[in-house]
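Just below is one structure, and these are the notes that go with it.
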Amino acid sequence: MRRKLLLGGLVSAMLLALVGVAANPASAQQSVRLQYKTGATGATADQVEPWFNLVNSGTSAVPLSGVKIRYYFKADTGSPQYRFACSWAVVSCSTVTGTFGTLSPGTSTADRYLEVGFTSGNLAVGAQTGDLQLRFYRADWQRLTQSDDYSFGPARTTYGDWTKVTVHQNGALIWGTSPVGGGGGDPTPTPTPTITNPPGGSGVVFDDFAYSNADDPNISAHNWTVRTNSGGPGVPGAGWPKQNVTFPTVSGTNKALQLRAVTDGTASGTQQSEVLHQRKFLEGTYAARVKFSDTPVSGPDGDHVVQTFFTITPLAADMDPNYSEQDFEYLPNGGWGEPANIMYATSWETYRNEPWQAVNVHTEVRQSYAGWHDLVLQVSGGQIRYYIDGALFAEHGGDYYPETVQSVNFNLWFISGGLVGSSTSRDYVQQVDWFYHSKNEVVAPATVLSRVNNYRSASTTWVDTVPNS
């Protein structure tokens, strides 16, 4: 919801293959060399950011599935737990793994290590992996001290060979020097959720939004809530009146959910709207047909307005590890530093409001999305996939994968500080034709549309067989 951008911008062309480059000579024992730099140079940091690049200087290809990289560090006091994340990788973060191990006996600069591995891929002769932009942090999000860590190089802000990080191939040390002179220790799993593939559909929600008005008792009976409480996101002091949610007829007898946002440039004259379903959704497929608009229904154009479809677990406290969010967000007039139309797909691990710190990954396309669009979100097997009109728009995973049950939300709001300088009232709308969810089932976008059409052919306007969590 709030704009919260981190590392993780998609550079799709670089995800297609490993990059071949000339490499410096190396011995037979060190045919794979590791280059390192740090993305966080301070003595203390919110996150340790070791970035790696593997170079094959040997005479044969190296299967990456047999390669492990170990970064050694000294645990902070209090025996904290650590979590691993891949911010971005040329070889794709979906192929990169991270676990933590213990050195026994340890040293004054190392008693733990992060072990990075790969699920697939080959490193060709004379090739490199390219960027592996990695990070790890305390599960309680307290700051870490890294100045006493064996593998940390605060001056390493550009890539260079680094022997304080070791590389192992099929269990044998092939690069670097361990702080204890060997491999040391067996890795233990990082405390991230265990992901299993869903067994198949285990409940469905379908809503054709055939309600009379925002006071229709079936809205609450169907576990939707029309928001009226104050607070964020958006313009501080803005209202959320129930009457901004209506159900107009959009074709024939077909109705749609309509959200309205209006402003005269002042907080007291600004109204936003939101409709949300109960928290009981996690893995499976989410879909909605949404109509975005590039201009207001009336009044001057140019406000930074956000039109959304998203899932969310509320933030219980700053850097809450159980928080999650997956967003479709369309900004027809730009905002958050963007000058014009932009569509975001953003997946969240967590965040903190003051001072602002965001842990998310996002993909964006800068073009108009005015009109009706079929939006599909698949959450399954550790991967989050966003589709627009049947085409894959974004794919995220790792620590951004949700861990706790979420609600489904539609929201229309203004970015604080993004209103144009006019006192003339202007009116924006967003419409939602239908919503569909299949629990624990990956449903292709075309199949979603087929199922929705079957419901409509049978004059079925509401189904809910998803158990309450």
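FYI, nothing fancy with the structure tokens labels: chains A, B, ... in order, residues from 1 per chain, ligands from 1 as they appear.
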Strand (DSSP E or B) per DSSP on the backbone: members of segment 164-361 of chain A, as an MDAnalysis selection string | chainID A and resid 165:169 172:175 187:188 204:207 224:226 239 245:246 249:251 254:255 257:263 271 273:277 281 284:292 298 305:313 324:331 335 338 342:352 357:361
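For Arg112 of chain A, the set of protein, DNA and RNA residues having any atom at most 7 Å away, when counting only C-alpha atoms and skipping those fewer than 6 positions along the same chain, is A:Tyr72, A:Phe73, A:Lys74, A:Ala75, A:Gly101, A:Thr102, A:Leu103.
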Could those selected residues go to a file with N, CA and C atoms, as an mmCIF file, in the first residue's frame?
```cif
data_model
loop_
_atom_site.group_PDB
_atom_site.id
_atom_site.type_symbol
_atom_site.label_atom_id
_atom_site.label_comp_id
_atom_site.auth_asym_id
_atom_site.auth_seq_id
_atom_site.Cartn_x
_atom_site.Cartn_y
_atom_site.Cartn_z
ATOM 1 N N TYR A 72 31.123 -16.075 6.888
ATOM 2 C CA TYR A 72 31.294 -16.326 8.326
ATOM 3 C C TYR A 72 31.084 -15.046 9.133
ATOM 4 N N PHE A 73 30.383 -15.182 10.258
ATOM 5 C CA PHE A 73 30.122 -14.015 11.092
ATOM 6 C C PHE A 73 30.023 -14.412 12.560
ATOM 7 N N LYS A 74 30.096 -13.396 13.410
ATOM 8 C CA LYS A 74 29.985 -13.569 14.859
ATOM 9 C C LYS A 74 28.559 -13.229 15.274
ATOM 10 N N ALA A 75 27.893 -14.175 15.925
ATOM 11 C CA ALA A 75 26.512 -13.929 16.345
ATOM 12 C C ALA A 75 26.469 -12.830 17.396
ATOM 13 N N GLY A 101 24.591 -22.076 9.608
ATOM 14 C CA GLY A 101 25.289 -23.124 10.330
ATOM 15 C C GLY A 101 26.064 -22.558 11.501
ATOM 16 N N THR A 102 26.516 -23.446 12.375
ATOM 17 C CA THR A 102 27.260 -23.068 13.578
ATOM 18 C C THR A 102 28.675 -23.620 13.506
ATOM 19 N N LEU A 103 29.668 -22.804 13.832
ATOM 20 C CA LEU A 103 31.053 -23.247 13.937
ATOM 21 C C LEU A 103 31.338 -23.651 15.371
#
```
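For the residues A:Ala288, A:Leu34, A:Val297, A:Ala261, ranking by smallest atom-to-atom distance to Leu449 of chain A using only C-alpha atoms places A:Ala288 first.
Counting only C-alpha atoms, the residue from A:Phe281, A:Tyr400, A:Phe309, A:Phe206 that sits nearest to Arg83 of chain A is A:Tyr400.
Using only C-alpha atoms, the shortest contact distance between Pro321 of chain A and any of A:Asp140, A:Glu441, A:Asp427, A:Asp207 is found at A:Asp140.
The coordinates place atom CA of Ser368 of chain A at 22.4 Å from atom CA of Gly417 of chain A.
Using only C-alpha atoms, the smallest distance between any of A:Tyr71, A:Tyr150, A:Trp348, A:Phe100 and Val167 of chain A comes from A:Tyr71.
Contact shell of Val432 of chain A at 10 Å (only C-alpha atoms; same-chain neighbours under 6 positions omitted): Asp208, Phe209, Phe247, Lys255, Ala256, Leu257, Gln258, Leu259, Ala288, Arg289, Val290, Lys291, Phe292, Phe309, Trp372, His373, Asp374 and Phe410 of chain A.
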Go ahead and write the selection's residues with N, CA and C atoms as an mmCIF file, in the first residue's frame.
```
data_model
loop_
_atom_site.group_PDB
_atom_site.id
_atom_site.type_symbol
_atom_site.label_atom_id
_atom_site.label_comp_id
_atom_site.auth_asym_id
_atom_site.auth_seq_id
_atom_site.Cartn_x
_atom_site.Cartn_y
_atom_site.Cartn_z
ATOM 1 N N ASP A 208 -20.202 -11.875 -7.335
ATOM 2 C CA ASP A 208 -20.536 -11.085 -8.517
ATOM 3 C C ASP A 208 -20.997 -9.674 -8.140
ATOM 4 N N PHE A 209 -20.933 -9.343 -6.860
ATOM 5 C CA PHE A 209 -21.253 -8.014 -6.327
ATOM 6 C C PHE A 209 -22.659 -7.557 -6.725
ATOM 7 N N PHE A 247 -22.993 0.124 -6.006
ATOM 8 C CA PHE A 247 -23.046 -1.068 -6.857
ATOM 9 C C PHE A 247 -23.872 -0.753 -8.109
ATOM 10 N N LYS A 255 -24.073 -5.958 -12.243
ATOM 11 C CA LYS A 255 -23.603 -4.894 -11.367
ATOM 12 C C LYS A 255 -22.111 -5.044 -11.077
ATOM 13 N N ALA A 256 -21.520 -3.980 -10.571
ATOM 14 C CA ALA A 256 -20.115 -3.992 -10.165
ATOM 15 C C ALA A 256 -19.961 -3.236 -8.853
ATOM 16 N N LEU A 257 -18.963 -3.602 -8.099
ATOM 17 C CA LEU A 257 -18.546 -2.822 -6.942
ATOM 18 C C LEU A 257 -17.863 -1.554 -7.444
ATOM 19 N N GLN A 258 -18.271 -0.388 -6.942
ATOM 20 C CA GLN A 258 -17.639 0.866 -7.341
ATOM 21 C C GLN A 258 -17.105 1.599 -6.123
ATOM 22 N N LEU A 259 -15.831 1.964 -6.189
ATOM 23 C CA LEU A 259 -15.167 2.761 -5.160
ATOM 24 C C LEU A 259 -15.029 4.188 -5.665
ATOM 25 N N ALA A 288 -9.646 -10.986 -9.915
ATOM 26 C CA ALA A 288 -10.700 -9.974 -9.978
ATOM 27 C C ALA A 288 -10.646 -9.303 -11.339
ATOM 28 N N ARG A 289 -11.815 -8.882 -11.805
ATOM 29 C CA ARG A 289 -11.882 -8.060 -13.021
ATOM 30 C C ARG A 289 -12.091 -6.629 -12.563
ATOM 31 N N VAL A 290 -11.121 -5.769 -12.892
ATOM 32 C CA VAL A 290 -11.067 -4.416 -12.345
ATOM 33 C C VAL A 290 -11.004 -3.398 -13.481
ATOM 34 N N LYS A 291 -11.750 -2.317 -13.322
ATOM 35 C CA LYS A 291 -11.689 -1.223 -14.282
ATOM 36 C C LYS A 291 -10.935 -0.055 -13.672
ATOM 37 N N PHE A 292 -9.779 0.255 -14.263
ATOM 38 C CA PHE A 292 -8.984 1.399 -13.847
ATOM 39 C C PHE A 292 -9.335 2.604 -14.720
ATOM 40 N N PHE A 309 -5.956 -3.623 -5.935
ATOM 41 C CA PHE A 309 -6.486 -4.944 -5.570
ATOM 42 C C PHE A 309 -5.350 -5.640 -4.853
ATOM 43 N N TRP A 372 -11.034 -2.107 -18.460
ATOM 44 C CA TRP A 372 -11.203 -3.357 -17.718
ATOM 45 C C TRP A 372 -10.000 -4.275 -17.905
ATOM 46 N N HIS A 373 -9.575 -4.909 -16.790
ATOM 47 C CA HIS A 373 -8.450 -5.848 -16.834
ATOM 48 C C HIS A 373 -8.721 -7.015 -15.896
ATOM 49 N N ASP A 374 -8.293 -8.204 -16.340
ATOM 50 C CA ASP A 374 -8.386 -9.403 -15.512
ATOM 51 C C ASP A 374 -7.076 -9.561 -14.745
ATOM 52 N N PHE A 410 -9.961 -4.083 -1.756
ATOM 53 C CA PHE A 410 -10.000 -3.143 -2.871
ATOM 54 C C PHE A 410 -10.020 -1.746 -2.261
#
```
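The residue set within 12 Å of Ala316 of chain A, counting only C-alpha atoms and dropping same-chain residues fewer than 6 places from it, reads Asn322, Tyr323, Ser324, Thr350, Tyr351 and Arg352 of chain A.
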Can you pull out every residue within 12 Å of Ala370 of chain A, counting only C-alpha atoms, but drop anything in the same chain fewer than 6 positions away, and send it as a PyMOL selection string?
-> chain A and resi 290-296+307+330-333+341-343+429-431
Take the residues just selected and output them with N, CA, C and O atoms as a PDB file, in the first residue's frame.
```pdb
ATOM      1  N   VAL A 290     -11.121  -5.769 -12.892  1.00  0.00           N
ATOM      2  CA  VAL A 290     -11.067  -4.416 -12.345  1.00  0.00           C
ATOM      3  C   VAL A 290     -11.004  -3.398 -13.481  1.00  0.00           C
ATOM      4  O   VAL A 290     -10.285  -3.599 -14.470  1.00  0.00           O
ATOM      5  N   LYS A 291     -11.750  -2.317 -13.322  1.00  0.00           N
ATOM      6  CA  LYS A 291     -11.689  -1.223 -14.282  1.00  0.00           C
ATOM      7  C   LYS A 291     -10.935  -0.055 -13.672  1.00  0.00           C
ATOM      8  O   LYS A 291     -11.361   0.542 -12.683  1.00  0.00           O
ATOM      9  N   PHE A 292      -9.779   0.255 -14.263  1.00  0.00           N
ATOM     10  CA  PHE A 292      -8.984   1.399 -13.847  1.00  0.00           C
ATOM     11  C   PHE A 292      -9.335   2.604 -14.720  1.00  0.00           C
ATOM     12  O   PHE A 292      -9.815   2.452 -15.849  1.00  0.00           O
ATOM     13  N   SER A 293      -9.086   3.793 -14.201  1.00  0.00           N
ATOM     14  CA  SER A 293      -9.356   5.008 -14.965  1.00  0.00           C
ATOM     15  C   SER A 293      -8.160   5.939 -14.909  1.00  0.00           C
ATOM     16  O   SER A 293      -7.452   6.004 -13.897  1.00  0.00           O
ATOM     17  N   ASP A 294      -7.922   6.651 -16.009  1.00  0.00           N
ATOM     18  CA  ASP A 294      -6.795   7.582 -16.096  1.00  0.00           C
ATOM     19  C   ASP A 294      -7.179   9.011 -15.729  1.00  0.00           C
ATOM     20  O   ASP A 294      -6.303   9.837 -15.459  1.00  0.00           O
ATOM     21  N   THR A 295      -8.469   9.318 -15.735  1.00  0.00           N
ATOM     22  CA  THR A 295      -8.911  10.685 -15.478  1.00  0.00           C
ATOM     23  C   THR A 295     -10.070  10.678 -14.497  1.00  0.00           C
ATOM     24  O   THR A 295     -10.794   9.678 -14.377  1.00  0.00           O
ATOM     25  N   PRO A 296     -10.290  11.773 -13.804  1.00  0.00           N
ATOM     26  CA  PRO A 296     -11.434  11.842 -12.898  1.00  0.00           C
ATOM     27  C   PRO A 296     -12.746  11.914 -13.674  1.00  0.00           C
ATOM     28  O   PRO A 296     -12.784  12.330 -14.837  1.00  0.00           O
ATOM     29  N   GLN A 307      -5.146   3.092  -7.330  1.00  0.00           N
ATOM     30  CA  GLN A 307      -6.256   2.174  -7.565  1.00  0.00           C
ATOM     31  C   GLN A 307      -5.732   0.754  -7.366  1.00  0.00           C
ATOM     32  O   GLN A 307      -4.756   0.362  -8.015  1.00  0.00           O
ATOM     33  N   TYR A 330      -2.285   0.613  -9.369  1.00  0.00           N
ATOM     34  CA  TYR A 330      -2.192   1.425 -10.576  1.00  0.00           C
ATOM     35  C   TYR A 330      -2.237   2.891 -10.203  1.00  0.00           C
ATOM     36  O   TYR A 330      -3.146   3.344  -9.491  1.00  0.00           O
ATOM     37  N   LEU A 331      -1.226   3.651 -10.678  1.00  0.00           N
ATOM     38  CA  LEU A 331      -1.124   5.088 -10.438  1.00  0.00           C
ATOM     39  C   LEU A 331      -1.269   5.800 -11.780  1.00  0.00           C
ATOM     40  O   LEU A 331      -0.289   5.941 -12.529  1.00  0.00           O
ATOM     41  N   PRO A 332      -2.472   6.226 -12.158  1.00  0.00           N
ATOM     42  CA  PRO A 332      -2.671   6.811 -13.495  1.00  0.00           C
ATOM     43  C   PRO A 332      -1.942   8.129 -13.696  1.00  0.00           C
ATOM     44  O   PRO A 332      -1.601   8.479 -14.835  1.00  0.00           O
ATOM     45  N   ASN A 333      -1.714   8.872 -12.615  1.00  0.00           N
ATOM     46  CA  ASN A 333      -1.016  10.156 -12.711  1.00  0.00           C
ATOM     47  C   ASN A 333       0.365  10.115 -12.076  1.00  0.00           C
ATOM     48  O   ASN A 333       0.960  11.142 -11.788  1.00  0.00           O
ATOM     49  N   ASN A 341       1.679   7.417 -15.833  1.00  0.00           N
ATOM     50  CA  ASN A 341       1.049   6.116 -15.603  1.00  0.00           C
ATOM     51  C   ASN A 341       2.063   5.041 -15.224  1.00  0.00           C
ATOM     52  O   ASN A 341       3.088   4.882 -15.895  1.00  0.00           O
ATOM     53  N   ILE A 342       1.741   4.270 -14.195  1.00  0.00           N
ATOM     54  CA  ILE A 342       2.603   3.151 -13.809  1.00  0.00           C
ATOM     55  C   ILE A 342       1.770   2.116 -13.073  1.00  0.00           C
ATOM     56  O   ILE A 342       0.904   2.458 -12.261  1.00  0.00           O
ATOM     57  N   MET A 343       1.997   0.844 -13.386  1.00  0.00           N
ATOM     58  CA  MET A 343       1.371  -0.269 -12.692  1.00  0.00           C
ATOM     59  C   MET A 343       2.450  -0.986 -11.877  1.00  0.00           C
ATOM     60  O   MET A 343       3.503  -1.342 -12.416  1.00  0.00           O
ATOM     61  N   VAL A 429     -13.187   7.194  -9.764  1.00  0.00           N
ATOM     62  CA  VAL A 429     -13.857   5.934  -9.454  1.00  0.00           C
ATOM     63  C   VAL A 429     -13.007   4.764  -9.937  1.00  0.00           C
ATOM     64  O   VAL A 429     -12.206   4.887 -10.883  1.00  0.00           O
ATOM     65  N   GLN A 430     -13.200   3.632  -9.261  1.00  0.00           N
ATOM     66  CA  GLN A 430     -12.630   2.341  -9.652  1.00  0.00           C
ATOM     67  C   GLN A 430     -13.748   1.318  -9.522  1.00  0.00           C
ATOM     68  O   GLN A 430     -14.492   1.326  -8.537  1.00  0.00           O
ATOM     69  N   GLN A 431     -13.871   0.421 -10.510  1.00  0.00           N
ATOM     70  CA  GLN A 431     -14.920  -0.586 -10.471  1.00  0.00           C
ATOM     71  C   GLN A 431     -14.339  -1.995 -10.453  1.00  0.00           C
ATOM     72  O   GLN A 431     -13.258  -2.239 -11.003  1.00  0.00           O
TER      73      GLN A 431
END
```
Find the residues of segment 106-220 of chain A that sit at most 10 Å from segment 268-278 of chain A; for each, write down the nearest two atoms and how far apart they are in Å, to one decimal. Count only C-alpha atoms. Sort by chain, then by number going up, and give it as JSON lines.
```
{"residue": "A:Ala214", "atom": "CA", "partner": "A:Val275", "partner_atom": "CA", "distance": 9.9}
{"residue": "A:Ile219", "atom": "CA", "partner": "A:His277", "partner_atom": "CA", "distance": 9.6}
{"residue": "A:Ser220", "atom": "CA", "partner": "A:His277", "partner_atom": "CA", "distance": 9.2}
```
Deliver the residues from the most recent selection as a file, using all heavy atoms, as an mmCIF file, in the first residue's frame.
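What ended up in selection_2.cif:
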```cif
data_model
loop_
_atom_site.group_PDB
_atom_site.id
_atom_site.type_symbol
_atom_site.label_atom_id
_atom_site.label_comp_id
_atom_site.auth_asym_id
_atom_site.auth_seq_id
_atom_site.Cartn_x
_atom_site.Cartn_y
_atom_site.Cartn_z
ATOM 1 N N ALA A 214 -24.469 0.062 -0.099
ATOM 2 C CA ALA A 214 -23.479 -0.231 0.937
ATOM 3 C C ALA A 214 -24.106 -0.708 2.241
ATOM 4 O O ALA A 214 -23.403 -1.252 3.108
ATOM 5 C CB ALA A 214 -22.617 1.002 1.198
ATOM 6 N N ILE A 219 -23.857 -7.915 2.441
ATOM 7 C CA ILE A 219 -22.429 -7.578 2.393
ATOM 8 C C ILE A 219 -21.721 -8.139 3.617
ATOM 9 O O ILE A 219 -20.715 -8.853 3.508
ATOM 10 C CB ILE A 219 -22.231 -6.053 2.282
ATOM 11 C CG1 ILE A 219 -22.762 -5.552 0.934
ATOM 12 C CG2 ILE A 219 -20.754 -5.693 2.445
ATOM 13 C CD1 ILE A 219 -22.705 -4.042 0.784
ATOM 14 N N SER A 220 -22.222 -7.832 4.800
ATOM 15 C CA SER A 220 -21.605 -8.356 6.018
ATOM 16 C C SER A 220 -21.855 -9.851 6.172
ATOM 17 O O SER A 220 -21.000 -10.585 6.692
ATOM 18 C CB SER A 220 -22.123 -7.598 7.242
ATOM 19 O OG SER A 220 -23.532 -7.693 7.344
#
```
Could you give me, as a PyMOL selection string, each residue of segment 183-414 of chain A that DSSP assigns to alpha helix (DSSP H) when run on this structure's backbone?
-> chain A and resi 217-221
Can those selected residues be exported to a file as a short mmCIF file (atom, residue, chain, number, x, y, z; two decimals), in the first residue's frame so that it contains N, CA, C and O atoms?
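New file out_10.cif:
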```cif
data_model
loop_
_atom_site.label_atom_id
_atom_site.label_comp_id
_atom_site.auth_asym_id
_atom_site.auth_seq_id
_atom_site.Cartn_x
_atom_site.Cartn_y
_atom_site.Cartn_z
N PRO A 217 -27.56 -5.91 3.83
CA PRO A 217 -27.11 -6.83 4.89
C PRO A 217 -26.32 -8.03 4.36
O PRO A 217 -25.56 -8.65 5.11
N ASN A 218 -26.48 -8.35 3.08
CA ASN A 218 -25.73 -9.47 2.52
C ASN A 218 -24.23 -9.18 2.44
O ASN A 218 -23.42 -10.12 2.37
N ILE A 219 -23.86 -7.92 2.44
CA ILE A 219 -22.43 -7.58 2.39
C ILE A 219 -21.72 -8.14 3.62
O ILE A 219 -20.71 -8.85 3.51
N SER A 220 -22.22 -7.83 4.80
CA SER A 220 -21.60 -8.36 6.02
C SER A 220 -21.86 -9.85 6.17
O SER A 220 -21.00 -10.58 6.69
N ALA A 221 -23.02 -10.33 5.70
CA ALA A 221 -23.29 -11.77 5.76
C ALA A 221 -22.29 -12.55 4.92
O ALA A 221 -21.97 -13.71 5.23
#
```
